[in-house]
>>> print(open('final-v4.tsv').read())   # TSV, C-alpha atoms
chain	number	residue	atom	x	y	z
U	1080	MET	CA	3.93	21.92	-14.06
U	1081	ASN	CA	2.76	22.46	-17.61
U	1082	THR	CA	2.68	25.92	-19.05
U	1083	ARG	CA	-0.83	27.22	-19.15
U	1084	PRO	CA	-2.22	26.91	-22.68
U	1085	ALA	CA	-3.52	29.98	-24.48
U	1086	PRO	CA	-7.32	30.52	-24.40
U	1087	GLU	CA	-7.75	29.44	-28.02
U	1088	GLU	CA	-5.81	26.25	-27.26
U	1089	VAL	CA	-8.09	25.58	-24.30
U	1090	ASP	CA	-11.15	26.02	-26.53
U	1091	GLU	CA	-9.69	23.63	-29.03
U	1092	LEU	CA	-8.87	21.11	-26.28
U	1093	PHE	CA	-12.45	21.26	-25.02
U	1094	ARG	CA	-13.83	20.68	-28.49
U	1095	ARG	CA	-11.50	17.76	-28.99
U	1096	TYR	CA	-12.25	16.31	-25.58
U	1097	ALA	CA	-15.99	16.53	-26.24
U	1098	GLN	CA	-15.47	14.37	-29.30
U	1099	THR	CA	-12.80	11.92	-28.24
U	1100	ARG	CA	-13.19	11.81	-24.43
U	1101	ARG	CA	-9.49	11.08	-24.28
U	1102	ARG	CA	-8.13	11.13	-20.76
U	1103	ARG	CA	-4.93	12.89	-21.82
U	1104	ASP	CA	-6.92	15.84	-23.13
U	1105	ARG	CA	-8.98	15.81	-19.93
U	1106	ASN	CA	-5.75	15.88	-17.90
U	1107	SER	CA	-4.42	18.83	-19.88
U	1108	LEU	CA	-7.65	20.71	-19.26
U	1109	VAL	CA	-7.62	19.93	-15.54
U	1110	GLU	CA	-3.97	20.92	-15.23
U	1111	ALA	CA	-4.60	24.15	-17.09
U	1112	HIS	CA	-7.27	25.12	-14.54
U	1113	MET	CA	-5.72	23.86	-11.29
U	1114	GLY	CA	-4.58	27.36	-10.37
U	1115	PHE	CA	-8.12	28.61	-10.92
U	1116	ALA	CA	-9.56	25.88	-8.65
U	1117	ASN	CA	-6.98	26.59	-5.94
U	1118	HIS	CA	-7.75	30.28	-6.19
U	1119	ILE	CA	-11.42	29.61	-5.48
U	1120	ALA	CA	-10.55	27.20	-2.65
U	1121	LYS	CA	-8.37	29.89	-1.06
U	1122	ARG	CA	-11.31	32.25	-0.85
U	1123	TYR	CA	-12.95	29.82	1.56
U	1124	ARG	CA	-9.88	29.24	3.65
U	1125	ASN	CA	-10.41	29.53	7.37
U	1126	ARG	CA	-8.84	28.13	10.47
U	1127	THR	CA	-11.28	25.27	10.98
U	1128	ILE	CA	-11.23	23.49	7.63
U	1129	ALA	CA	-7.82	22.30	6.50
U	1130	GLU	CA	-6.68	24.02	3.33
U	1131	GLU	CA	-5.55	20.69	1.95
U	1132	ASP	CA	-9.10	19.36	2.27
U	1133	LEU	CA	-10.51	22.43	0.56
U	1134	ARG	CA	-8.06	22.08	-2.30
U	1135	GLN	CA	-9.03	18.43	-2.66
U	1136	VAL	CA	-12.74	19.31	-2.83
U	1137	ALA	CA	-12.02	22.03	-5.39
U	1138	PHE	CA	-9.84	19.68	-7.41
U	1139	LEU	CA	-12.48	16.97	-7.69
U	1140	ALA	CA	-15.10	19.58	-8.54
U	1141	LEU	CA	-12.81	20.81	-11.31
U	1142	VAL	CA	-12.45	17.28	-12.71
U	1143	LYS	CA	-16.25	16.94	-12.71
U	1144	ALA	CA	-16.65	20.36	-14.33
U	1145	VAL	CA	-14.23	19.45	-17.13
U	1146	GLU	CA	-16.10	16.17	-17.68
U	1147	ARG	CA	-19.49	17.89	-17.84
U	1148	PHE	CA	-18.65	21.08	-19.69
U	1149	ASP	CA	-20.29	21.45	-23.06
U	1150	PRO	CA	-18.16	23.79	-25.21
U	1151	GLU	CA	-21.05	24.25	-27.63
U	1152	ALA	CA	-23.39	25.63	-24.96
U	1153	GLY	CA	-21.83	29.08	-25.23
U	1154	ALA	CA	-20.84	29.69	-21.61
U	1155	ALA	CA	-17.23	30.28	-20.62
U	1156	PHE	CA	-15.65	27.32	-18.86
U	1157	THR	CA	-14.38	29.43	-15.97
U	1158	SER	CA	-17.86	30.64	-15.13
U	1159	PHE	CA	-19.29	27.11	-15.37
U	1160	ALA	CA	-16.42	25.61	-13.36
U	1161	GLY	CA	-16.46	28.44	-10.84
U	1162	ARG	CA	-20.09	27.70	-10.00
U	1163	THR	CA	-19.43	23.96	-9.78
U	1164	ILE	CA	-16.41	24.42	-7.52
U	1165	GLU	CA	-18.09	26.93	-5.24
U	1166	GLY	CA	-21.14	24.69	-4.99
U	1167	GLU	CA	-19.05	21.72	-3.91
U	1168	ILE	CA	-17.05	23.79	-1.41
U	1169	LYS	CA	-20.21	25.20	0.16
U	1170	ARG	CA	-21.65	21.73	0.37
U	1171	HIS	CA	-18.45	20.55	2.04
U	1172	PHE	CA	-18.73	23.34	4.61
U	1173	ARG	CA	-22.35	22.56	5.25
U	1174	ASP	CA	-21.59	18.89	5.71
U	1175	ALA	CA	-18.48	19.39	7.78
U	1176	ALA	CA	-19.84	22.06	10.05
U	1177	TRP	CA	-22.12	21.51	12.94
U	1178	SER	CA	-22.94	22.97	16.22
U	1179	VAL	CA	-25.23	21.95	19.02
U	1180	ARG	CA	-26.37	23.48	22.23
U	1181	VAL	CA	-27.36	21.51	25.25
U	1182	PRO	CA	-29.33	22.87	28.17
U	1183	ARG	CA	-27.33	22.99	31.37
U	1184	SER	CA	-29.81	20.72	33.19
U	1185	THR	CA	-29.42	18.00	30.60
U	1186	LYS	CA	-25.65	18.28	30.75
U	1187	GLU	CA	-25.76	17.94	34.49
U	1188	LEU	CA	-28.02	14.93	34.24
U	1189	HIS	CA	-25.68	13.46	31.67
U	1190	LEU	CA	-22.81	13.69	34.12
U	1191	ARG	CA	-24.90	12.18	36.90
U	1192	VAL	CA	-25.96	9.34	34.62
U	1193	ARG	CA	-22.34	8.67	33.70
U	1194	ARG	CA	-21.26	8.72	37.32
U	1195	THR	CA	-24.13	6.49	38.42
U	1196	SER	CA	-23.49	4.15	35.57
U	1197	ASP	CA	-19.86	3.79	36.65
U	1198	GLU	CA	-20.84	3.22	40.28
U	1199	LEU	CA	-23.50	0.66	39.43
U	1200	GLY	CA	-21.11	-0.95	37.01
U	1201	HIS	CA	-18.69	-1.58	39.87
U	1202	GLU	CA	-21.47	-2.90	42.08
U	1203	LEU	CA	-22.98	-5.17	39.45
U	1204	SER	CA	-19.75	-6.11	37.65
U	1205	ARG	CA	-21.52	-5.31	34.39
U	1206	SER	CA	-22.91	-2.33	32.60
U	1207	PRO	CA	-26.19	-1.30	34.21
U	1208	THR	CA	-29.42	-1.06	32.25
U	1209	VAL	CA	-31.19	2.23	31.65
U	1210	LYS	CA	-33.94	1.16	34.03
U	1211	GLU	CA	-31.43	0.50	36.79
U	1212	VAL	CA	-29.80	3.89	36.37
U	1213	ALA	CA	-33.19	5.62	36.23
U	1214	ALA	CA	-34.33	3.89	39.42
U	1215	HIS	CA	-31.10	4.81	41.17
U	1216	LEU	CA	-31.40	8.47	40.20
U	1217	GLY	CA	-35.15	8.67	40.67
U	1218	VAL	CA	-35.73	9.91	37.11
U	1219	SER	CA	-37.61	8.40	34.16
U	1220	THR	CA	-35.96	6.07	31.66
U	1221	ASP	CA	-36.68	8.66	28.96
U	1222	GLN	CA	-34.65	11.22	30.84
U	1223	VAL	CA	-31.73	8.81	31.12
U	1224	VAL	CA	-31.82	8.06	27.42
U	1225	GLU	CA	-32.00	11.78	26.72
U	1226	ALA	CA	-29.10	12.51	29.02
U	1227	LEU	CA	-27.00	9.82	27.38
U	1228	GLY	CA	-27.32	11.75	24.15
U	1229	ALA	CA	-26.47	15.11	25.62
U	1230	SER	CA	-23.66	17.04	24.08
U	1231	ALA	CA	-21.89	20.30	24.36
U	1232	ALA	CA	-20.99	22.20	21.23
U	1233	PHE	CA	-18.54	21.24	18.58
U	1234	THR	CA	-18.14	24.50	16.77
U	1235	HIS	CA	-16.57	24.13	13.43
U	1236	GLY	CA	-16.26	27.68	12.17
U	1237	SER	CA	-18.44	29.32	9.59
U	1238	LEU	CA	-18.29	30.53	6.05
U	1239	ASP	CA	-18.57	34.04	7.37
U	1240	SER	CA	-15.13	33.75	8.88
U	1241	ALA	CA	-13.56	32.50	5.67
U	1242	ALA	CA	-10.46	34.45	4.77
U	1243	ASN	CA	-10.67	37.01	2.00
U	1244	ASP	CA	-14.30	36.27	1.50
U	1245	ASP	CA	-14.80	39.04	-0.99
U	1246	ASP	CA	-16.84	36.83	-3.23
U	1247	SER	CA	-19.77	38.65	-4.71
U	1248	ALA	CA	-21.82	35.47	-4.51
U	1249	ALA	CA	-22.80	35.59	-0.85
U	1250	PRO	CA	-21.79	32.63	1.30
U	1251	ASP	CA	-24.48	30.03	1.67
U	1252	ARG	CA	-26.25	31.13	4.79
U	1253	SER	CA	-27.51	27.68	5.53
U	1254	ALA	CA	-23.90	26.66	5.97
U	1255	HIS	CA	-23.44	29.21	8.68
U	1256	VAL	CA	-22.52	27.69	12.00
U	1257	ALA	CA	-23.67	29.58	15.03
U	1258	GLN	CA	-20.96	30.34	17.48
U	1259	THR	CA	-21.99	29.23	20.93
U	1260	ASP	CA	-20.66	30.03	24.35
U	1261	GLU	CA	-19.84	26.39	24.81
U	1262	ARG	CA	-16.22	25.58	24.09
U	1263	LEU	CA	-14.51	22.31	23.49
U	1264	GLU	CA	-11.79	23.32	25.92
U	1265	SER	CA	-14.11	23.03	28.91
U	1266	SER	CA	-13.50	19.78	30.74
U	1267	ASP	CA	-17.23	19.16	31.23
U	1268	ASP	CA	-17.80	19.55	27.54
U	1269	ARG	CA	-14.96	17.25	26.74
U	1270	LEU	CA	-16.48	14.66	29.01
U	1271	VAL	CA	-19.87	14.95	27.36
U	1272	ILE	CA	-18.38	14.91	23.87
U	1273	ARG	CA	-16.32	11.88	24.69
U	1274	GLY	CA	-19.51	10.22	25.92
U	1275	LEU	CA	-21.15	10.95	22.58
U	1276	VAL	CA	-18.15	9.86	20.56
U	1277	ASP	CA	-18.11	6.60	22.49
U	1278	ARG	CA	-21.58	5.85	21.16
U	1279	LEU	CA	-20.40	5.90	17.54
U	1280	PRO	CA	-19.32	2.75	15.68
U	1281	SER	CA	-15.62	2.03	16.30
U	1282	ARG	CA	-14.34	3.22	12.93
U	1283	GLU	CA	-16.26	6.50	13.20
U	1284	GLN	CA	-14.92	6.96	16.73
U	1285	GLU	CA	-11.40	6.67	15.43
U	1286	ILE	CA	-12.03	9.09	12.57
U	1287	VAL	CA	-13.69	11.71	14.79
U	1288	ARG	CA	-10.83	11.46	17.28
U	1289	LEU	CA	-8.21	11.78	14.56
U	1290	ARG	CA	-9.99	14.80	13.12
U	1291	PHE	CA	-10.79	16.71	16.28
U	1292	PHE	CA	-8.41	15.53	18.93
U	1293	GLU	CA	-5.33	14.90	16.78
U	1294	GLU	CA	-6.40	17.52	14.22
U	1295	LEU	CA	-5.42	15.52	11.16
U	1296	THR	CA	-6.80	16.53	7.78
U	1297	GLN	CA	-9.33	14.32	6.01
U	1298	SER	CA	-6.64	13.26	3.55
U	1299	GLU	CA	-4.28	12.27	6.36
U	1300	ILE	CA	-7.06	10.31	8.04
U	1301	ALA	CA	-7.90	8.61	4.73
U	1302	GLU	CA	-4.33	7.45	4.42
U	1303	ARG	CA	-4.17	6.22	7.98
U	1304	VAL	CA	-7.53	4.43	7.96
U	1305	GLY	CA	-7.26	3.08	4.42
U	1306	VAL	CA	-10.37	4.59	2.84
U	1307	SER	CA	-10.80	7.44	0.37
U	1308	GLN	CA	-10.77	11.07	1.48
U	1309	MET	CA	-14.36	11.48	0.32
U	1310	HIS	CA	-15.32	8.45	2.36
U	1311	VAL	CA	-13.72	10.05	5.42
U	1312	SER	CA	-15.67	13.20	4.68
U	1313	ARG	CA	-18.87	11.18	4.55
U	1314	LEU	CA	-18.10	9.20	7.71
U	1315	LEU	CA	-17.47	12.46	9.55
U	1316	ARG	CA	-20.71	13.90	8.22
U	1317	ARG	CA	-22.60	10.80	9.30
U	1318	SER	CA	-20.94	10.86	12.74
U	1319	PHE	CA	-21.92	14.50	13.20
U	1320	GLU	CA	-25.46	13.67	12.16
U	1321	LEU	CA	-25.66	10.83	14.68
U	1322	MET	CA	-24.25	13.04	17.40
U	1323	ARG	CA	-26.51	15.89	16.42
U	1324	GLN	CA	-29.56	13.62	16.54
U	1325	ALA	CA	-28.52	12.40	19.95
U	1326	SER	CA	-28.05	15.95	21.19
U	1327	ASP	CA	-31.38	17.05	19.70
U	1328	LEU	CA	-32.99	14.77	22.24
U	1329	ALA	CA	-31.73	17.13	24.88
H	1105	MET	CA	-29.09	-11.44	-3.44
H	1106	PRO	CA	-26.23	-13.91	-2.74
H	1107	GLU	CA	-23.41	-12.96	-0.34
H	1108	SER	CA	-21.06	-12.35	-3.24
H	1109	ALA	CA	-21.21	-12.35	-7.01
H	1110	ASP	CA	-18.85	-12.00	-9.97
H	1111	ILE	CA	-19.73	-10.29	-13.22
H	1112	SER	CA	-17.45	-10.11	-16.23
H	1113	VAL	CA	-17.73	-7.65	-19.07
H	1114	THR	CA	-15.43	-7.42	-22.07
H	1115	ILE	CA	-15.33	-4.18	-24.02
H	1116	PRO	CA	-13.54	-3.17	-27.22
H	1117	VAL	CA	-10.61	-0.76	-27.08
H	1118	ASP	CA	-12.75	2.30	-27.72
H	1119	SER	CA	-13.42	5.13	-25.30
H	1120	ARG	CA	-17.11	5.09	-26.25
H	1121	PHE	CA	-17.44	1.96	-24.11
H	1122	VAL	CA	-16.13	3.58	-20.93
H	1123	ALA	CA	-19.73	4.62	-20.31
H	1124	LEU	CA	-20.77	0.96	-20.26
H	1125	ALA	CA	-18.18	0.23	-17.59
H	1126	ARG	CA	-19.41	3.18	-15.53
H	1127	VAL	CA	-23.06	2.20	-15.84
H	1128	THR	CA	-22.28	-1.38	-14.84
H	1129	ALA	CA	-20.35	-0.17	-11.80
H	1130	ALA	CA	-23.18	2.17	-10.80
H	1131	SER	CA	-25.82	-0.50	-11.23
H	1132	LEU	CA	-23.91	-3.04	-9.14
H	1133	ALA	CA	-23.16	-0.44	-6.48
H	1134	ALA	CA	-26.87	0.34	-6.31
H	1135	GLU	CA	-27.48	-3.37	-5.69
H	1136	LEU	CA	-25.11	-3.08	-2.73
H	1137	ASP	CA	-27.06	-0.12	-1.40
H	1138	PHE	CA	-24.33	2.45	-1.96
H	1139	THR	CA	-25.43	6.05	-1.49
H	1140	ILE	CA	-25.79	8.42	-4.41
H	1141	ASP	CA	-22.53	10.17	-3.50
H	1142	GLU	CA	-20.68	6.88	-3.20
H	1143	ILE	CA	-21.97	5.80	-6.59
H	1144	GLU	CA	-20.94	9.12	-8.11
H	1145	GLU	CA	-17.40	8.63	-6.81
H	1146	LEU	CA	-17.30	5.04	-7.95
H	1147	ARG	CA	-18.29	6.18	-11.44
H	1148	VAL	CA	-15.37	8.64	-11.44
H	1149	GLY	CA	-13.05	5.83	-10.27
H	1150	ALA	CA	-14.33	3.35	-12.87
H	1151	ASN	CA	-14.01	6.02	-15.55
H	1152	GLU	CA	-10.39	6.58	-14.58
H	1153	LEU	CA	-9.49	2.89	-14.45
H	1154	VAL	CA	-11.10	1.96	-17.76
H	1155	SER	CA	-9.89	5.06	-19.61
H	1156	LEU	CA	-6.35	4.32	-18.50
H	1157	LEU	CA	-6.57	0.72	-19.67
H	1158	ILE	CA	-7.96	1.82	-23.03
H	1159	GLU	CA	-5.13	4.28	-23.54
H	1160	TRP	CA	-2.62	1.64	-22.57
H	1161	ALA	CA	-4.23	-0.85	-24.97
H	1162	GLU	CA	-4.07	1.69	-27.79
H	1163	ASP	CA	-0.36	2.16	-27.23
H	1164	ASN	CA	0.41	-1.53	-26.80
H	1165	ALA	CA	-1.70	-3.29	-29.44
H	1166	GLY	CA	-4.34	-4.44	-26.96
H	1167	GLU	CA	-7.48	-5.87	-28.51
H	1168	GLU	CA	-10.04	-5.73	-25.74
H	1169	ILE	CA	-10.48	-4.90	-22.08
H	1170	GLU	CA	-11.70	-7.55	-19.71
H	1171	LEU	CA	-13.46	-6.17	-16.66
H	1172	ARG	CA	-14.37	-8.21	-13.61
H	1173	TYR	CA	-16.72	-6.86	-11.00
H	1174	HIS	CA	-16.74	-8.61	-7.66
H	1175	LEU	CA	-19.51	-7.85	-5.20
H	1176	SER	CA	-19.33	-8.75	-1.55
H	1177	ALA	CA	-21.52	-7.67	1.35
H	1178	ASP	CA	-20.61	-3.98	1.30
H	1179	ARG	CA	-17.81	-3.67	-1.19
H	1180	LEU	CA	-17.34	-3.58	-4.92
H	1181	ASP	CA	-14.02	-4.50	-6.53
H	1182	ILE	CA	-13.40	-3.79	-10.20
H	1183	ALA	CA	-10.42	-5.40	-11.88
H	1184	GLY	CA	-9.48	-4.74	-15.46
H	1185	GLU	CA	-6.97	-6.23	-17.81
H	1186	VAL	CA	-5.99	-5.54	-21.38
H	1187	GLN	CA	-6.16	-8.64	-23.62
H	1188	PRO	CA	-4.06	-10.20	-24.94
H	1189	ARG	CA	-1.79	-9.71	-21.97
H	1190	ALA	CA	1.53	-8.18	-22.98
H	1191	SER	CA	4.30	-9.66	-20.91
H	1192	GLU	CA	7.28	-7.79	-22.30
H	1193	VAL	CA	6.08	-4.24	-21.79
H	1194	GLU	CA	7.37	-2.10	-18.93
H	1195	PRO	CA	4.48	-0.69	-16.91
H	1196	GLU	CA	4.21	3.08	-17.23
H	1197	PRO	CA	4.09	5.01	-13.98
H	1198	THR	CA	0.60	6.31	-13.23
H	1199	ASP	CA	0.41	10.08	-13.60
H	1200	PRO	CA	-0.03	12.16	-10.43
H	1201	LEU	CA	-3.39	13.52	-11.53
H	1202	THR	CA	-4.82	10.03	-11.84
H	1203	ARG	CA	-3.41	9.07	-8.45
H	1204	GLN	CA	-4.95	12.17	-6.95
H	1205	ILE	CA	-8.35	11.42	-8.46
H	1206	LEU	CA	-8.36	7.76	-7.52
H	1207	GLY	CA	-7.04	8.51	-4.03
H	1208	ALA	CA	-9.98	10.82	-3.48
H	1209	VAL	CA	-12.78	8.65	-4.80
H	1210	VAL	CA	-11.99	5.01	-4.09
H	1211	ASP	CA	-10.64	3.16	-1.07
H	1212	GLU	CA	-7.99	1.13	-2.89
H	1213	TYR	CA	-6.44	1.25	-6.31
H	1214	GLU	CA	-3.58	-0.33	-8.13
H	1215	ILE	CA	-2.69	0.26	-11.73
H	1216	ALA	CA	0.35	-1.01	-13.57
H	1217	GLY	CA	0.72	-1.44	-17.29
H	1218	GLY	CA	-2.31	-3.09	-18.79
H	1219	GLN	CA	-3.82	-4.15	-15.49
H	1220	GLY	CA	-5.55	-2.37	-12.69
H	1221	ARG	CA	-8.15	-2.57	-9.98
H	1222	ILE	CA	-10.16	-0.31	-7.77
H	1223	ALA	CA	-12.23	-1.08	-4.68
H	1224	LYS	CA	-14.81	0.86	-2.79
H	1225	SER	CA	-16.83	-0.04	0.28
H	1226	ARG	CA	-20.14	1.45	1.16
H	1227	MET	CA	-20.62	3.16	4.44
H	1228	ARG	CA	-22.03	0.75	6.98
H	1229	ARG	CA	-25.46	1.76	8.17
>>> encode(input="final-v4.tsv", output="structure tokens")
Amino acid sequence: MNTRPAPEEVDELFRRYAQTRRRRDRNSLVEAHMGFANHIAKRYRNRTIAEEDLRQVAFLALVKAVERFDPEAGAAFTSFAGRTIEGEIKRHFRDAAWSVRVPRSTKELHLRVRRTSDELGHELSRSPTVKEVAAHLGVSTDQVVEALGASAAFTHGSLDSAANDDDSAAPDRSAHVAQTDERLESSDDRLVIRGLVDRLPSREQEIVRLRFFEELTQSEIAERVGVSQMHVSRLLRRSFELMRQASDLA
Amino acid sequence: MPESADISVTIPVDSRFVALARVTAASLAAELDFTIDEIEELRVGANELVSLLIEWAEDNAGEEIELRYHLSADRLDIAGEVQPRASEVEPEPTDPLTRQILGAVVDEYEIAGGQGRIAKSRMRR
């Protein structure tokens, strides 16, 4: 690890980087502020988002901040970078966090639909159609479709539970994830969630399983699946959105 | 738009032209229907690749950087090479910071000496 340069050296590096855009100067600037980025990331640490993922988000935000910083604008880099890093972390929380609540009746219908679907599947030696399941259960096709999308809650923590959250800038309330009385541990919920996960494209299924059932970090998943960590983050976000949309039908 | 396409761009060994490489990458990615976030990451990746090649060229008497962009259905590959190719030079190990950046923003990367490539796929919709 390089020794941290003195403030006047940092100023000089920024001025030089603004003129030359040399990557080596950029690297020195990033390295000089890594501790700062990690410090901000730590403030948002909680048990539901892997610290490694937070550090990665903060790191990339730092790189972007160094690239965009204008030393002539008069602001201190740390205040500019601090805002950039916090913004990206909050966005990450907002994207990564979700929670849904499903009425009991819909959950029950979901289970009945699944059971009926299995039974009819055996009888017909193929997957039954929605109409067939609806006729068998004596409900409308809309209700079957709705029940197929039912979900229990995936609760992914909230910014309010972030460790050492003594930040004067209040946590982004829109990122807050309501705690629900539904827990992943319940076997019914697991069944419903598995049903929802099964509806995702195969790669998303794998990523969601690795994240929530094997509890790998986004970086570990990226390595295993062979895409970038940010791509994993986006695939998870998209999967949550698809599942959330499905559960909103309930 | 054809199934795949190849575009070549040659830039001088001058960091001012990194922006051209980034803009080209962004424009082609937009053709492939990448999202804004994906394009932003690709720009960071292209910036890293081309800046590295320029630095390498400066240290090894390179004269220009040849960039090849290959588009397929949902993926963009960017390969770069310093010209003229230096055969005798030992490739420098890529620094950890660069690996960390590229690992975060692109799906594949490979950089050794005066050659490198990055690849990024768009999310299937």
>>> atom_distance(input="final-v4.tsv", atom1="atom CA of Pro1150 of chain U", atom2="atom CA of Asn1106 of chain U")
16.4 Å
>>> atom_distance(input="final-v4.tsv", atom1="atom CA of Tyr1096 of chain U", atom2="atom CA of Pro1116 of chain H")
19.6 Å
>>> atom_distance(input="final-v4.tsv", atom1="atom CA of Ser1119 of chain H", atom2="atom CA of Asn1164 of chain H")
15.4 Å
>>> closest_residue(input="final-v4.tsv", among="H:Val1148, H:Val1127, H:Leu1132, H:Leu1171", to="chain U", atoms="only C-alpha atoms")
H:Val1148
>>> closest_residue(input="final-v4.tsv", among="H:Leu1157, H:Ala1134, H:Val1186, H:Ala1177", to="Ala1109 of chain H", atoms="only C-alpha atoms")
H:Ala1177
>>> closest_atom_pairs(input="final-v4.tsv", of="chain U", to="chain H", cutoff="9 Å", atoms="only C-alpha atoms", output="JSON lines")
{"residue": "U:Thr1099", "atom": "CA", "partner": "H:Ser1119", "partner_atom": "CA", "distance": 7.4}
{"residue": "U:Arg1100", "atom": "CA", "partner": "H:Ser1119", "partner_atom": "CA", "distance": 6.7}
{"residue": "U:Arg1101", "atom": "CA", "partner": "H:Ser1119", "partner_atom": "CA", "distance": 7.2}
{"residue": "U:Arg1102", "atom": "CA", "partner": "H:Ser1155", "partner_atom": "CA", "distance": 6.4}
{"residue": "U:Arg1103", "atom": "CA", "partner": "H:Glu1159", "partner_atom": "CA", "distance": 8.8}
{"residue": "U:Asn1106", "atom": "CA", "partner": "H:Leu1201", "partner_atom": "CA", "distance": 7.2}
{"residue": "U:Val1109", "atom": "CA", "partner": "H:Leu1201", "partner_atom": "CA", "distance": 8.7}
{"residue": "U:Glu1110", "atom": "CA", "partner": "H:Leu1201", "partner_atom": "CA", "distance": 8.3}
{"residue": "U:Gln1135", "atom": "CA", "partner": "H:Ala1208", "partner_atom": "CA", "distance": 7.7}
{"residue": "U:Val1136", "atom": "CA", "partner": "H:Ala1208", "partner_atom": "CA", "distance": 9.0}
{"residue": "U:Phe1138", "atom": "CA", "partner": "H:Ile1205", "partner_atom": "CA", "distance": 8.5}
{"residue": "U:Leu1139", "atom": "CA", "partner": "H:Ile1205", "partner_atom": "CA", "distance": 7.0}
{"residue": "U:Val1142", "atom": "CA", "partner": "H:Ile1205", "partner_atom": "CA", "distance": 8.3}
{"residue": "U:Lys1143", "atom": "CA", "partner": "H:Val1148", "partner_atom": "CA", "distance": 8.4}
{"residue": "U:Ser1298", "atom": "CA", "partner": "H:Ala1208", "partner_atom": "CA", "distance": 8.2}
{"residue": "U:Ala1301", "atom": "CA", "partner": "H:Asp1211", "partner_atom": "CA", "distance": 8.4}
{"residue": "U:Glu1302", "atom": "CA", "partner": "H:Gly1207", "partner_atom": "CA", "distance": 8.9}
{"residue": "U:Gly1305", "atom": "CA", "partner": "H:Asp1211", "partner_atom": "CA", "distance": 6.4}
{"residue": "U:Val1306", "atom": "CA", "partner": "H:Asp1211", "partner_atom": "CA", "distance": 4.2}
{"residue": "U:Ser1307", "atom": "CA", "partner": "H:Asp1211", "partner_atom": "CA", "distance": 4.5}
{"residue": "U:Gln1308", "atom": "CA", "partner": "H:Ala1208", "partner_atom": "CA", "distance": 5.0}
{"residue": "U:Met1309", "atom": "CA", "partner": "H:Ala1208", "partner_atom": "CA", "distance": 5.8}
{"residue": "U:His1310", "atom": "CA", "partner": "H:Val1209", "partner_atom": "CA", "distance": 7.6}
{"residue": "U:Arg1313", "atom": "CA", "partner": "H:Met1227", "partner_atom": "CA", "distance": 8.2}
{"residue": "U:Leu1314", "atom": "CA", "partner": "H:Met1227", "partner_atom": "CA", "distance": 7.3}
>>> residues_around(input="final-v4.tsv", residues="segment 1282-1294 of chain U", least_positions_apart="4", cutoff="7 Å", atoms="all atoms listed in the file", output="list in words")
Val1276, Asp1277, Ile1300, Leu1314, Leu1315 and Ser1318 of chain U
>>> closest_residue(input="final-v4.tsv", among="H:Ala1133, H:Leu1180, H:Ile1140, H:Val1154", to="Ile1215 of chain H", atoms="all atoms listed in the file")
H:Val1154
>>> closest_residue(input="final-v4.tsv", among="H:Arg1126, H:Leu1146, H:Asp1178, H:Gly1166", to="Ile1222 of chain H", atoms="all atoms listed in the file")
H:Leu1146
